[in-house]
$ cat input_4.txt   # compact mmCIF, C-alpha atoms
# COMPACT_ATOMS: atom_id res chain seq x y z
CA MET A 1 0.00 0.00 0.00
CA SER A 2 3.04 2.23 0.11
CA GLN A 3 2.56 3.70 -3.30
CA ALA A 4 -1.22 3.81 -3.15
CA GLY A 5 -1.03 5.98 -0.10
CA GLY A 6 0.10 9.58 -0.23
CA GLN A 7 2.15 10.30 -3.31
CA ARG A 8 1.20 9.43 -6.81
CA PRO A 9 2.92 6.67 -8.71
CA PRO A 10 4.82 7.42 -11.90
CA ALA A 11 2.37 7.70 -14.76
CA ASN A 12 3.39 5.30 -17.41
CA ARG A 13 2.02 2.31 -19.19
CA MET A 14 3.77 -0.18 -16.96
CA THR A 15 2.32 1.12 -13.68
CA LEU A 16 -1.07 1.27 -15.32
CA GLN A 17 -0.71 -2.39 -16.19
CA THR A 18 0.21 -3.34 -12.63
CA PHE A 19 -2.70 -1.39 -11.22
CA LYS A 20 -5.04 -3.00 -13.70
CA ALA A 21 -3.88 -6.39 -12.45
CA ARG A 22 -4.38 -5.28 -8.86
CA LEU A 23 -7.87 -4.02 -9.59
CA GLY A 24 -8.71 -7.37 -11.16
CA GLY A 25 -7.44 -9.19 -8.09
CA ALA A 26 -9.26 -6.91 -5.70
CA THR A 27 -12.55 -7.27 -7.55
CA LYS A 28 -12.25 -11.02 -7.60
CA GLY A 29 -11.44 -11.13 -3.89
CA PHE A 30 -14.33 -8.82 -3.16
CA LYS A 31 -16.78 -11.05 -5.00
CA LEU A 32 -15.51 -14.18 -3.26
CA LEU A 33 -15.60 -12.61 0.18
CA LYS A 34 -19.09 -11.33 -0.42
CA LYS A 35 -20.21 -14.83 -1.31
CA LYS A 36 -18.56 -16.15 1.82
CA ARG A 37 -20.28 -13.57 3.95
CA ASP A 38 -23.65 -14.40 2.47
CA ALA A 39 -23.12 -18.11 3.08
CA LEU A 40 -22.12 -17.46 6.68
CA LYS A 41 -25.09 -15.20 7.23
CA ALA A 42 -27.50 -17.78 5.88
CA ARG A 43 -26.08 -20.36 8.25
CA PHE A 44 -26.15 -17.89 11.10
CA GLN A 45 -29.82 -17.13 10.64
CA ALA A 46 -30.68 -20.80 10.68
CA LEU A 47 -28.64 -21.15 13.85
CA LEU A 48 -30.52 -18.48 15.76
CA LYS A 49 -33.79 -20.35 15.69
CA ASP A 50 -32.10 -23.57 16.71
CA ILE A 51 -30.49 -21.88 19.68
CA VAL A 52 -33.77 -20.55 20.98
CA ASP A 53 -35.49 -23.91 20.51
CA THR A 54 -32.71 -25.84 22.20
CA LYS A 55 -32.53 -23.36 25.03
CA LEU A 56 -36.19 -23.99 25.71
CA LYS A 57 -35.61 -27.71 25.56
CA VAL A 58 -32.76 -27.46 28.05
CA GLY A 59 -34.92 -25.48 30.43
CA GLU A 60 -37.64 -28.06 30.13
CA GLY A 61 -35.21 -30.93 30.64
CA LEU A 62 -33.67 -29.42 33.73
CA LYS A 63 -37.08 -28.72 35.19
CA GLU A 64 -38.00 -32.35 34.74
CA GLY A 65 -34.67 -33.32 36.20
CA ALA A 66 -35.22 -31.23 39.30
CA PHE A 67 -38.60 -32.79 39.75
CA ALA A 68 -37.21 -36.29 39.34
CA LEU A 69 -34.47 -35.51 41.83
CA ALA A 70 -37.02 -34.36 44.36
CA LYS A 71 -38.80 -37.66 43.89
CA ALA A 72 -35.53 -39.50 44.40
CA HIS A 73 -34.92 -37.59 47.61
CA TYR A 74 -38.33 -38.61 48.78
CA ALA A 75 -37.87 -42.24 47.77
CA SER A 76 -34.51 -42.66 49.42
CA SER A 77 -36.16 -41.65 52.66
CA GLY A 78 -33.67 -39.89 54.81
CA ASP A 79 -30.44 -40.94 53.12
CA ASP A 80 -28.46 -37.98 51.99
CA ILE A 81 -28.14 -39.03 48.38
CA ALA A 82 -26.73 -35.73 47.23
CA SER A 83 -23.55 -35.97 49.25
CA SER A 84 -23.04 -39.65 48.47
CA ILE A 85 -23.42 -38.95 44.77
CA ILE A 86 -20.95 -36.11 45.01
CA GLU A 87 -18.56 -38.30 46.96
CA ARG A 88 -18.75 -41.10 44.44
CA ALA A 89 -17.81 -38.98 41.45
CA LYS A 90 -14.53 -40.27 40.16
CA LYS A 91 -14.38 -40.85 36.46
CA PRO A 92 -16.89 -39.40 34.08
CA SER A 93 -19.05 -41.79 32.13
CA LEU A 94 -20.23 -38.90 30.04
CA THR A 95 -17.56 -37.21 28.02
CA THR A 96 -17.71 -35.05 24.97
CA LYS A 97 -15.90 -35.35 21.73
CA MET A 98 -14.99 -32.28 19.78
CA TYR A 99 -14.50 -32.25 16.05
CA PRO A 100 -14.39 -29.48 13.50
CA ASP A 101 -17.18 -28.78 11.08
CA ASN A 102 -16.61 -26.70 7.97
CA VAL A 103 -18.91 -23.85 6.98
CA ALA A 104 -17.72 -21.83 3.99
CA GLY A 105 -14.10 -22.30 4.94
CA VAL A 106 -14.60 -21.60 8.63
CA SER A 107 -13.97 -24.47 10.98
CA ILE A 108 -16.51 -24.64 13.75
CA PRO A 109 -16.20 -26.96 16.72
CA VAL A 110 -19.01 -29.43 17.18
CA PHE A 111 -19.49 -31.37 20.40
CA LYS A 112 -20.78 -34.86 20.62
CA MET A 113 -21.72 -36.66 23.75
CA LEU A 114 -20.05 -39.97 24.38
CA ARG A 115 -21.33 -42.41 26.95
CA ASP A 116 -19.04 -44.95 28.48
CA SER A 117 -21.21 -47.56 30.14
CA SER A 118 -18.26 -49.28 31.78
CA GLN A 119 -17.89 -46.31 34.11
CA GLU A 120 -21.51 -46.34 35.12
CA ALA A 121 -21.20 -49.20 37.57
CA VAL A 122 -20.57 -46.76 40.41
CA ALA A 123 -23.82 -44.97 39.78
CA GLN A 124 -25.76 -48.16 39.29
CA THR A 125 -24.99 -49.39 42.76
CA MET A 126 -26.52 -46.26 44.20
CA GLY A 127 -29.68 -46.63 46.14
CA VAL A 128 -29.54 -50.36 46.49
CA GLY A 129 -31.08 -50.00 49.91
CA SER A 130 -34.04 -47.99 48.83
CA GLY A 131 -35.24 -45.96 45.91
CA GLY A 132 -32.98 -47.53 43.29
CA ALA A 133 -35.57 -47.48 40.54
CA VAL A 134 -36.46 -43.86 41.12
CA LEU A 135 -32.81 -42.95 41.18
CA SER A 136 -32.11 -44.59 37.86
CA ALA A 137 -35.16 -42.86 36.38
CA THR A 138 -33.73 -39.58 37.63
CA ARG A 139 -30.46 -40.44 36.01
CA ASP A 140 -32.16 -41.04 32.68
CA THR A 141 -33.92 -37.70 32.92
CA TYR A 142 -30.66 -35.93 33.56
CA LEU A 143 -28.98 -37.85 30.76
CA LYS A 144 -31.53 -36.45 28.38
CA ALA A 145 -31.01 -32.97 29.76
CA VAL A 146 -27.24 -33.26 29.35
CA GLU A 147 -27.72 -34.39 25.79
CA CYS A 148 -29.70 -31.24 25.09
CA ILE A 149 -27.08 -29.16 26.84
CA VAL A 150 -24.30 -30.61 24.74
CA GLN A 151 -26.31 -29.80 21.65
CA LEU A 152 -26.81 -26.28 22.91
CA ALA A 153 -23.10 -25.95 23.57
CA SER A 154 -22.36 -26.88 19.95
CA LEU A 155 -24.84 -24.33 18.71
CA GLN A 156 -23.51 -21.68 21.01
CA THR A 157 -19.90 -22.14 19.98
CA ALA A 158 -20.95 -22.13 16.35
CA PHE A 159 -22.86 -18.94 17.07
CA HIS A 160 -19.85 -17.30 18.64
CA THR A 161 -17.45 -18.38 15.95
CA LEU A 162 -19.76 -17.38 13.12
CA ASP A 163 -20.54 -14.06 14.74
CA GLU A 164 -16.86 -13.25 14.96
CA GLU A 165 -16.17 -14.53 11.46
CA ILE A 166 -19.03 -12.58 9.91
CA LYS A 167 -17.76 -9.43 11.54
CA MET A 168 -14.30 -10.03 10.14
CA THR A 169 -15.50 -10.89 6.66
CA SER A 170 -17.80 -7.88 6.57
CA ARG A 171 -14.91 -5.70 7.53
CA ARG A 172 -12.85 -7.08 4.71
CA VAL A 173 -15.67 -6.79 2.19
CA ASN A 174 -16.28 -3.18 3.16
CA ALA A 175 -12.58 -2.35 3.12
CA LEU A 176 -12.30 -3.71 -0.39
CA GLU A 177 -15.49 -2.12 -1.61
CA TYR A 178 -15.14 1.32 -0.12
CA VAL A 179 -11.41 1.85 0.29
CA LEU A 180 -9.15 -0.30 -1.77
CA ILE A 181 -11.04 -0.56 -5.04
CA PRO A 182 -11.91 3.18 -5.24
CA ARG A 183 -8.32 4.02 -4.46
CA ILE A 184 -6.97 1.81 -7.23
CA GLU A 185 -9.56 3.19 -9.64
CA GLU A 186 -8.61 6.71 -8.74
CA ILE A 187 -4.96 5.99 -9.36
CA MET A 188 -5.75 4.38 -12.69
CA HIS A 189 -7.84 7.36 -13.65
CA TYR A 190 -4.99 9.64 -12.69
CA ILE A 191 -2.50 7.65 -14.74
CA THR A 192 -4.65 7.61 -17.87
CA GLN A 193 -5.31 11.29 -17.52
CA GLU A 194 -1.65 12.02 -17.09
CA MET A 195 -0.79 9.89 -20.08
CA ASP A 196 -3.40 11.59 -22.24
CA GLU A 197 -2.03 14.92 -21.17
CA GLU A 198 1.44 13.83 -22.14
CA ALA A 199 0.22 12.64 -25.52
CA ARG A 200 -1.51 15.93 -26.16
CA GLU A 201 1.57 17.84 -25.14
CA GLU A 202 3.72 15.78 -27.42
CA PHE A 203 1.35 16.28 -30.33
CA PHE A 204 1.27 19.98 -29.76
CA ARG A 205 5.02 20.15 -29.49
CA VAL A 206 5.50 18.33 -32.77
CA LYS A 207 2.95 20.55 -34.40
CA LYS A 208 4.76 23.63 -33.13
CA VAL A 209 8.09 22.35 -34.36
CA VAL A 210 6.72 21.66 -37.78
CA GLU A 211 5.20 25.10 -37.86
CA LYS A 212 8.44 26.72 -36.84
CA LYS A 213 10.29 24.78 -39.45
CA LYS A 214 7.83 25.86 -42.09
CA ILE A 215 8.21 29.49 -41.12
CA LYS A 216 11.93 29.20 -41.13
CA LEU A 217 11.89 27.59 -44.51
CA ALA A 218 9.60 30.24 -45.87
CA LYS A 219 11.81 32.97 -44.47
CA GLU A 220 14.86 31.49 -46.03
CA LYS A 221 13.16 31.22 -49.34
CA GLU A 222 12.04 34.82 -49.18
CA ALA A 223 15.48 35.98 -48.25
CA MET A 224 16.93 34.16 -51.16
CA MET A 225 14.39 35.65 -53.54
CA LEU A 226 15.08 39.09 -52.15
CA ALA A 227 18.78 38.56 -52.56
CA ASP A 228 18.26 37.55 -56.12
CA ALA A 229 16.09 40.52 -56.79
CA THR A 230 18.46 42.98 -55.22
CA ALA A 231 21.27 41.40 -57.06
CA ALA A 232 19.41 42.04 -60.26
CA ILE A 233 18.60 45.64 -59.39
CA ASP A 234 22.03 46.47 -58.13
CA ALA A 235 23.70 45.53 -61.37
CA PRO A 236 26.18 48.45 -61.98
CA SER A 237 25.03 50.93 -64.56
CA MET A 238 27.46 51.41 -67.29
CA LEU A 239 26.68 55.07 -67.50
CA GLN A 240 27.12 55.93 -63.89
CA SER A 241 30.29 54.11 -63.46
CA LYS A 242 33.54 55.91 -63.16
CA LYS A 243 35.21 57.10 -66.25
CA ASP A 244 37.48 54.60 -67.63
CA ALA A 245 41.06 55.61 -67.88
CA ASP A 246 41.91 57.14 -71.10
CA LEU A 247 43.16 54.89 -73.62
CA VAL A 248 46.56 55.90 -74.74
CA PHE A 249 47.66 54.34 -77.87
CA MET B 250 -8.13 -16.32 17.67
CA VAL B 251 -10.89 -17.47 15.37
CA LYS B 252 -8.36 -18.57 12.85
CA SER B 253 -6.99 -21.32 15.04
CA LYS B 254 -7.88 -24.75 13.74
CA PHE B 255 -9.78 -27.09 15.97
CA LEU B 256 -8.51 -30.56 16.12
CA THR B 257 -10.59 -33.54 16.93
CA GLN B 258 -10.34 -34.12 20.61
CA THR B 259 -12.04 -36.82 22.60
CA ASP B 260 -12.59 -37.44 26.29
CA MET B 261 -13.38 -33.85 27.11
CA LYS B 262 -15.12 -33.20 30.37
CA ILE B 263 -17.96 -30.93 31.24
CA GLY B 264 -17.29 -28.32 33.89
CA LEU B 265 -20.02 -27.58 36.36
CA ILE B 266 -20.79 -24.78 38.79
CA GLY B 267 -24.14 -24.70 40.46
CA ASP B 268 -26.34 -25.31 43.45
CA GLU B 269 -26.38 -28.67 45.13
CA ASP B 270 -29.39 -30.10 43.37
CA THR B 271 -28.26 -29.19 39.88
CA VAL B 272 -24.78 -30.55 40.51
CA THR B 273 -26.19 -33.73 42.05
CA GLY B 274 -28.38 -34.37 39.05
CA MET B 275 -25.56 -33.80 36.61
CA LEU B 276 -23.21 -36.03 38.57
CA LEU B 277 -25.89 -38.67 38.62
CA ALA B 278 -25.92 -38.53 34.84
CA GLY B 279 -22.18 -39.08 35.03
CA VAL B 280 -20.30 -35.91 34.24
CA GLY B 281 -18.31 -35.83 37.48
CA HIS B 282 -14.57 -36.13 37.36
CA VAL B 283 -12.07 -36.13 40.16
CA ASP B 284 -8.45 -36.53 39.20
CA GLY B 285 -5.59 -37.95 41.19
CA GLN B 286 -4.92 -34.77 43.09
CA GLY B 287 -8.53 -34.44 44.13
CA LYS B 288 -9.23 -31.70 41.62
CA LYS B 289 -12.88 -31.64 40.75
CA ASN B 290 -14.53 -30.43 37.60
CA PHE B 291 -17.59 -29.35 39.54
CA LEU B 292 -18.34 -26.96 42.34
CA VAL B 293 -21.28 -27.03 44.68
CA VAL B 294 -22.26 -23.50 45.54
CA ASP B 295 -24.10 -22.97 48.78
CA SER B 296 -24.31 -20.11 51.22
CA LYS B 297 -20.89 -20.95 52.68
CA VAL B 298 -19.01 -20.63 49.43
CA HIS B 299 -17.35 -17.30 48.88
CA ILE B 300 -17.74 -15.47 45.60
CA LYS B 301 -13.99 -15.43 45.20
CA ASP B 302 -13.93 -19.23 45.33
CA ILE B 303 -16.50 -19.42 42.57
CA GLU B 304 -14.47 -17.02 40.50
CA ASP B 305 -11.26 -18.95 41.09
CA HIS B 306 -12.93 -22.19 40.16
CA PHE B 307 -14.38 -20.59 37.05
CA HIS B 308 -10.97 -19.34 35.99
CA GLU B 309 -9.43 -22.71 36.67
CA LEU B 310 -12.05 -24.44 34.54
CA THR B 311 -11.67 -22.01 31.66
CA GLY B 312 -7.94 -22.56 31.72
CA ARG B 313 -8.14 -26.32 31.49
CA LYS B 314 -7.56 -27.95 28.14
CA ASP B 315 -9.69 -31.03 28.70
CA ILE B 316 -12.90 -29.13 29.38
CA SER B 317 -15.21 -28.58 26.46
CA MET B 318 -18.00 -26.68 28.14
CA ILE B 319 -18.75 -25.11 31.47
CA LEU B 320 -22.28 -25.28 32.76
CA ILE B 321 -23.05 -22.58 35.26
CA THR B 322 -26.40 -21.92 36.81
CA GLN B 323 -27.67 -18.49 36.22
CA ASP B 324 -27.63 -17.30 39.81
CA CYS B 325 -24.00 -18.37 40.12
CA ALA B 326 -23.23 -16.66 36.84
CA GLU B 327 -24.90 -13.58 38.22
CA MET B 328 -22.52 -13.64 41.20
CA ILE B 329 -19.45 -13.64 39.01
CA ARG B 330 -20.99 -11.78 36.09
CA ARG B 331 -17.86 -9.74 35.57
CA ALA B 332 -15.65 -12.79 35.14
CA VAL B 333 -18.15 -14.48 32.84
CA ASP B 334 -18.47 -11.43 30.64
CA GLU B 335 -14.74 -10.96 30.58
CA TYR B 336 -14.28 -14.50 29.40
CA GLU B 337 -16.95 -14.11 26.76
CA HIS B 338 -15.29 -11.01 25.36
CA SER B 339 -11.85 -12.58 25.36
CA GLY B 340 -12.71 -14.31 22.09
CA LYS B 341 -11.98 -17.77 23.39
CA THR B 342 -14.55 -20.26 22.25
CA ILE B 343 -13.44 -23.41 24.01
CA PRO B 344 -14.56 -24.13 26.66
CA THR B 345 -17.99 -22.72 26.02
CA VAL B 346 -19.78 -21.16 28.96
CA LEU B 347 -23.42 -22.18 29.12
CA GLU B 348 -25.82 -20.56 31.49
CA ILE B 349 -28.46 -22.99 32.60
CA PRO B 350 -31.52 -22.24 34.68
CA SER B 351 -31.21 -23.26 38.29
CA LYS B 352 -33.90 -24.90 40.29
CA ASP B 353 -34.83 -22.02 42.54
CA THR B 354 -34.76 -19.04 40.20
CA PRO B 355 -36.53 -18.90 36.87
CA TYR B 356 -34.37 -18.44 33.84
CA ASP B 357 -33.99 -14.87 32.73
CA PRO B 358 -32.75 -14.62 29.15
CA ARG B 359 -32.11 -10.92 29.51
CA LYS B 360 -29.10 -11.58 31.72
CA ASP B 361 -27.50 -14.13 29.44
CA GLY B 362 -24.90 -12.54 27.19
CA VAL B 363 -25.46 -15.07 24.45
CA MET B 364 -29.18 -14.57 24.49
CA GLN B 365 -28.70 -10.83 24.30
CA ARG B 366 -26.71 -11.33 21.15
CA VAL B 367 -29.26 -13.76 19.73
CA ALA B 368 -32.09 -11.35 20.44
CA PHE B 369 -30.15 -8.67 18.63
CA PHE B 370 -30.44 -10.67 15.43
CA LEU B 371 -33.73 -12.35 16.11
CA PRO B 372 -36.06 -9.96 17.91
CA SER B 373 -38.70 -12.63 18.39
CA ALA B 374 -36.31 -14.76 20.45
CA MET B 375 -36.90 -12.93 23.71
CA ALA B 376 -40.63 -13.16 23.29
CA ALA B 377 -40.37 -16.89 22.70
CA LEU B 378 -38.34 -17.33 25.85
CA GLY B 379 -40.09 -14.67 27.85
CA ILE B 380 -43.46 -16.32 27.51
CA GLU B 381 -42.02 -19.64 28.47
CA SER B 382 -40.16 -18.67 31.59

$ encode --input "input_4.txt" --output "structure tokens"
Amino acid sequence: MSQAGGQRPPANRMTLQTFKARLGGATKGFKLLKKKRDALKARFQALLKDIVDTKLKVGEGLKEGAFALAKAHYASSGDDIASSIIERAKKPSLTTKMYPDNVAGVSIPVFKMLRDSSQEAVAQTMGVGSGGAVLSATRDTYLKAVECIVQLASLQTAFHTLDEEIKMTSRRVNALEYVLIPRIEEIMHYITQEMDEEAREEFFRVKKVVEKKKIKLAKEKEAMMLADATAAIDAPSMLQSKKDADLVF
Amino acid sequence: MVKSKFLTQTDMKIGLIGDEDTVTGMLLAGVGHVDGQGKKNFLVVDSKVHIKDIEDHFHELTGRKDISMILITQDCAEMIRRAVDEYEHSGKTIPTVLEIPSKDTPYDPRKDGVMQRVAFFLPSAMAALGIES
């Protein structure tokens, strides 16, 4: 951007050519980026609805979960299940897997819930004394809720990433559209103008030279004619000339 | 920050900060993890827990590499709102912070930063949630 900035570049055919190439590149990039932005925006709009829906589902799921947990408290009659559950936590049976998804060249993380049943033995032995069935029902309710939450997390990260990406792409599109391309066009306009001016100057100069030459030639011719004429007029008169010396025989 | 490529990563845990009932339910589903040094990926918040502890735990969870998302109940998020917002504006996407409704207080989408942003693009979103909660 050094030469596109303050001072003007030298106006000749070669710089014009380079700027033409740059304009071509900029226009192409602008079109591509615009397409990318539109694709991202379309995806983004679809995402918004999903987020709201999933958020509602999560709320619903957790409400059910809380209710189920209350039932479990009631069923286990006096045992403090909360603290024993918290004490028993060791290795997670629910983990998430993250992998990238590609939207218009932007990689977006997607989460997937993985369930490892071999780790669930700890939880399954809960409530053997009393309320085991209710407890496992509670667990299922919460499993469903967690599934929704994981889905929501995917959507939310996608939302964040896309939001950021759209902002960036828009900035680039606008920079190209309103700054870079006009600037290149202005420089090209300047160069062509300057070159036209030069051509006109050159033409005028040649014309002037030819004119001058013509005048000079004409003058020379005239002078020659005049010289001839005067030469003819100034021929010495035989009568007015000095007397010849007497002839002495 | 957005440019960074995400690699496939498995065995990522879910961080958890919330009241006792919410945490209990989630642990029952099997998200709990305690490593060799007794570090937990969850925090039970009751009246005895200081706000600073919540904040420290939150920062610890956001700094961990094996955590994919942090679930935080909204009243806890409200307590450390500054830290949550700060994290959200830092541009980091993983782990994702999810605000979930807690048992005692109804969910208020107006306080959730993500929902604010969603509502900005989709004005009907708040109405959809507002009627529900």

$ closest_residue --input "input_4.txt" --among "B:Leu320, B:Cys325, B:Leu265, B:Leu310" --to "chain A" --atoms "all atoms listed in the file"
B:Leu320

$ interface_residues --input "input_4.txt" --of "chain A" --to "chain B" --cutoff "6 Å" --atoms "only C-alpha atoms" --output "MDAnalysis selection string"
chainID A and resid 82 89:100 139 142:143

$ write_last_selection --input "input_4.txt" --atoms "C-alpha atoms" --output "compact mmCIF listing (two decimals), keeping the file's coordinate frame"
# COMPACT_ATOMS: atom_id res chain seq x y z
CA ALA A 82 -26.73 -35.73 47.23
CA ALA A 89 -17.81 -38.98 41.45
CA LYS A 90 -14.53 -40.27 40.16
CA LYS A 91 -14.38 -40.85 36.46
CA PRO A 92 -16.89 -39.40 34.08
CA SER A 93 -19.05 -41.79 32.13
CA LEU A 94 -20.23 -38.90 30.04
CA THR A 95 -17.56 -37.21 28.02
CA THR A 96 -17.71 -35.05 24.97
CA LYS A 97 -15.90 -35.35 21.73
CA MET A 98 -14.99 -32.28 19.78
CA TYR A 99 -14.50 -32.25 16.05
CA PRO A 100 -14.39 -29.48 13.50
CA ARG A 139 -30.46 -40.44 36.01
CA TYR A 142 -30.66 -35.93 33.56
CA LEU A 143 -28.98 -37.85 30.76

$ residues_around --input "input_4.txt" --residues "Pro10 (chain A)" --least-positions-apart "4" --cutoff "12 Å" --atoms "only C-alpha atoms" --output "MDAnalysis selection string"
chainID A and resid 3:4 14:16 18:19 187:188 190:192 194:195

$ closest_residue --input "input_4.txt" --among "A:Gln45, A:Tyr74, A:Lys214, A:Ser154" --to "Asp101 (chain A)" --atoms "only C-alpha atoms"
A:Ser154

$ closest_residue --input "input_4.txt" --among "B:Phe369, B:Gln286, B:Gly264, B:Ser339" --to "Thr322 (chain B)" --atoms "only C-alpha atoms"
B:Gly264

$ residues_around --input "input_4.txt" --residues "Ala46 (chain A)" --least-positions-apart "2" --cutoff "12 Å" --atoms "all atoms listed in the file" --output "NGL selection string"
(:A and (39-44 or 48-53 or 155 or 158-159 or 162)) or (:B and (367 or 370-371))

$ atom_distance --input "input_4.txt" --atom1 "CA of Val134 (chain A)" --atom2 "CA of Ala75 (chain A)"
7.0 Å

$ build_atoms --input "input_4.txt" --residues "region 329-340 of chain B" --atoms "N, CA, C and O atoms" --output "PDB file, keeping the file's coordinate frame"
ATOM      1  N   ILE B 329     -20.768 -13.937  39.583  1.00  0.00           N
ATOM      2  CA  ILE B 329     -19.450 -13.640  39.010  1.00  0.00           C
ATOM      3  C   ILE B 329     -19.620 -13.113  37.596  1.00  0.00           C
ATOM      4  O   ILE B 329     -18.864 -13.438  36.680  1.00  0.00           O
ATOM      5  N   ARG B 330     -20.645 -12.300  37.420  1.00  0.00           N
ATOM      6  CA  ARG B 330     -20.990 -11.780  36.090  1.00  0.00           C
ATOM      7  C   ARG B 330     -19.795 -11.150  35.374  1.00  0.00           C
ATOM      8  O   ARG B 330     -19.580 -11.318  34.191  1.00  0.00           O
ATOM      9  N   ARG B 331     -18.992 -10.438  36.162  1.00  0.00           N
ATOM     10  CA  ARG B 331     -17.860  -9.740  35.570  1.00  0.00           C
ATOM     11  C   ARG B 331     -16.889 -10.722  34.916  1.00  0.00           C
ATOM     12  O   ARG B 331     -16.441 -10.545  33.789  1.00  0.00           O
ATOM     13  N   ALA B 332     -16.594 -11.795  35.658  1.00  0.00           N
ATOM     14  CA  ALA B 332     -15.650 -12.790  35.140  1.00  0.00           C
ATOM     15  C   ALA B 332     -16.211 -13.489  33.913  1.00  0.00           C
ATOM     16  O   ALA B 332     -15.504 -13.740  32.937  1.00  0.00           O
ATOM     17  N   VAL B 333     -17.524 -13.787  33.969  1.00  0.00           N
ATOM     18  CA  VAL B 333     -18.150 -14.480  32.840  1.00  0.00           C
ATOM     19  C   VAL B 333     -18.109 -13.611  31.593  1.00  0.00           C
ATOM     20  O   VAL B 333     -17.747 -14.067  30.498  1.00  0.00           O
ATOM     21  N   ASP B 334     -18.476 -12.340  31.779  1.00  0.00           N
ATOM     22  CA  ASP B 334     -18.470 -11.430  30.640  1.00  0.00           C
ATOM     23  C   ASP B 334     -17.061 -11.250  30.076  1.00  0.00           C
ATOM     24  O   ASP B 334     -16.856 -11.220  28.862  1.00  0.00           O
ATOM     25  N   GLU B 335     -16.132 -11.141  30.992  1.00  0.00           N
ATOM     26  CA  GLU B 335     -14.740 -10.960  30.580  1.00  0.00           C
ATOM     27  C   GLU B 335     -14.281 -12.129  29.720  1.00  0.00           C
ATOM     28  O   GLU B 335     -13.654 -11.956  28.689  1.00  0.00           O
ATOM     29  N   TYR B 336     -14.666 -13.313  30.174  1.00  0.00           N
ATOM     30  CA  TYR B 336     -14.280 -14.500  29.400  1.00  0.00           C
ATOM     31  C   TYR B 336     -14.951 -14.497  28.037  1.00  0.00           C
ATOM     32  O   TYR B 336     -14.334 -14.819  27.032  1.00  0.00           O
ATOM     33  N   GLU B 337     -16.212 -14.107  28.006  1.00  0.00           N
ATOM     34  CA  GLU B 337     -16.950 -14.110  26.760  1.00  0.00           C
ATOM     35  C   GLU B 337     -16.346 -13.146  25.742  1.00  0.00           C
ATOM     36  O   GLU B 337     -16.323 -13.411  24.552  1.00  0.00           O
ATOM     37  N   HIS B 338     -15.848 -12.013  26.264  1.00  0.00           N
ATOM     38  CA  HIS B 338     -15.290 -11.010  25.360  1.00  0.00           C
ATOM     39  C   HIS B 338     -13.842 -11.289  25.001  1.00  0.00           C
ATOM     40  O   HIS B 338     -13.267 -10.598  24.173  1.00  0.00           O
ATOM     41  N   SER B 339     -13.247 -12.296  25.651  1.00  0.00           N
ATOM     42  CA  SER B 339     -11.850 -12.580  25.360  1.00  0.00           C
ATOM     43  C   SER B 339     -11.688 -13.253  24.005  1.00  0.00           C
ATOM     44  O   SER B 339     -10.583 -13.390  23.491  1.00  0.00           O
ATOM     45  N   GLY B 340     -12.790 -13.695  23.411  1.00  0.00           N
ATOM     46  CA  GLY B 340     -12.710 -14.310  22.090  1.00  0.00           C
ATOM     47  C   GLY B 340     -12.397 -15.785  22.112  1.00  0.00           C
ATOM     48  O   GLY B 340     -12.311 -16.419  21.084  1.00  0.00           O
TER      49      GLY B 340
END
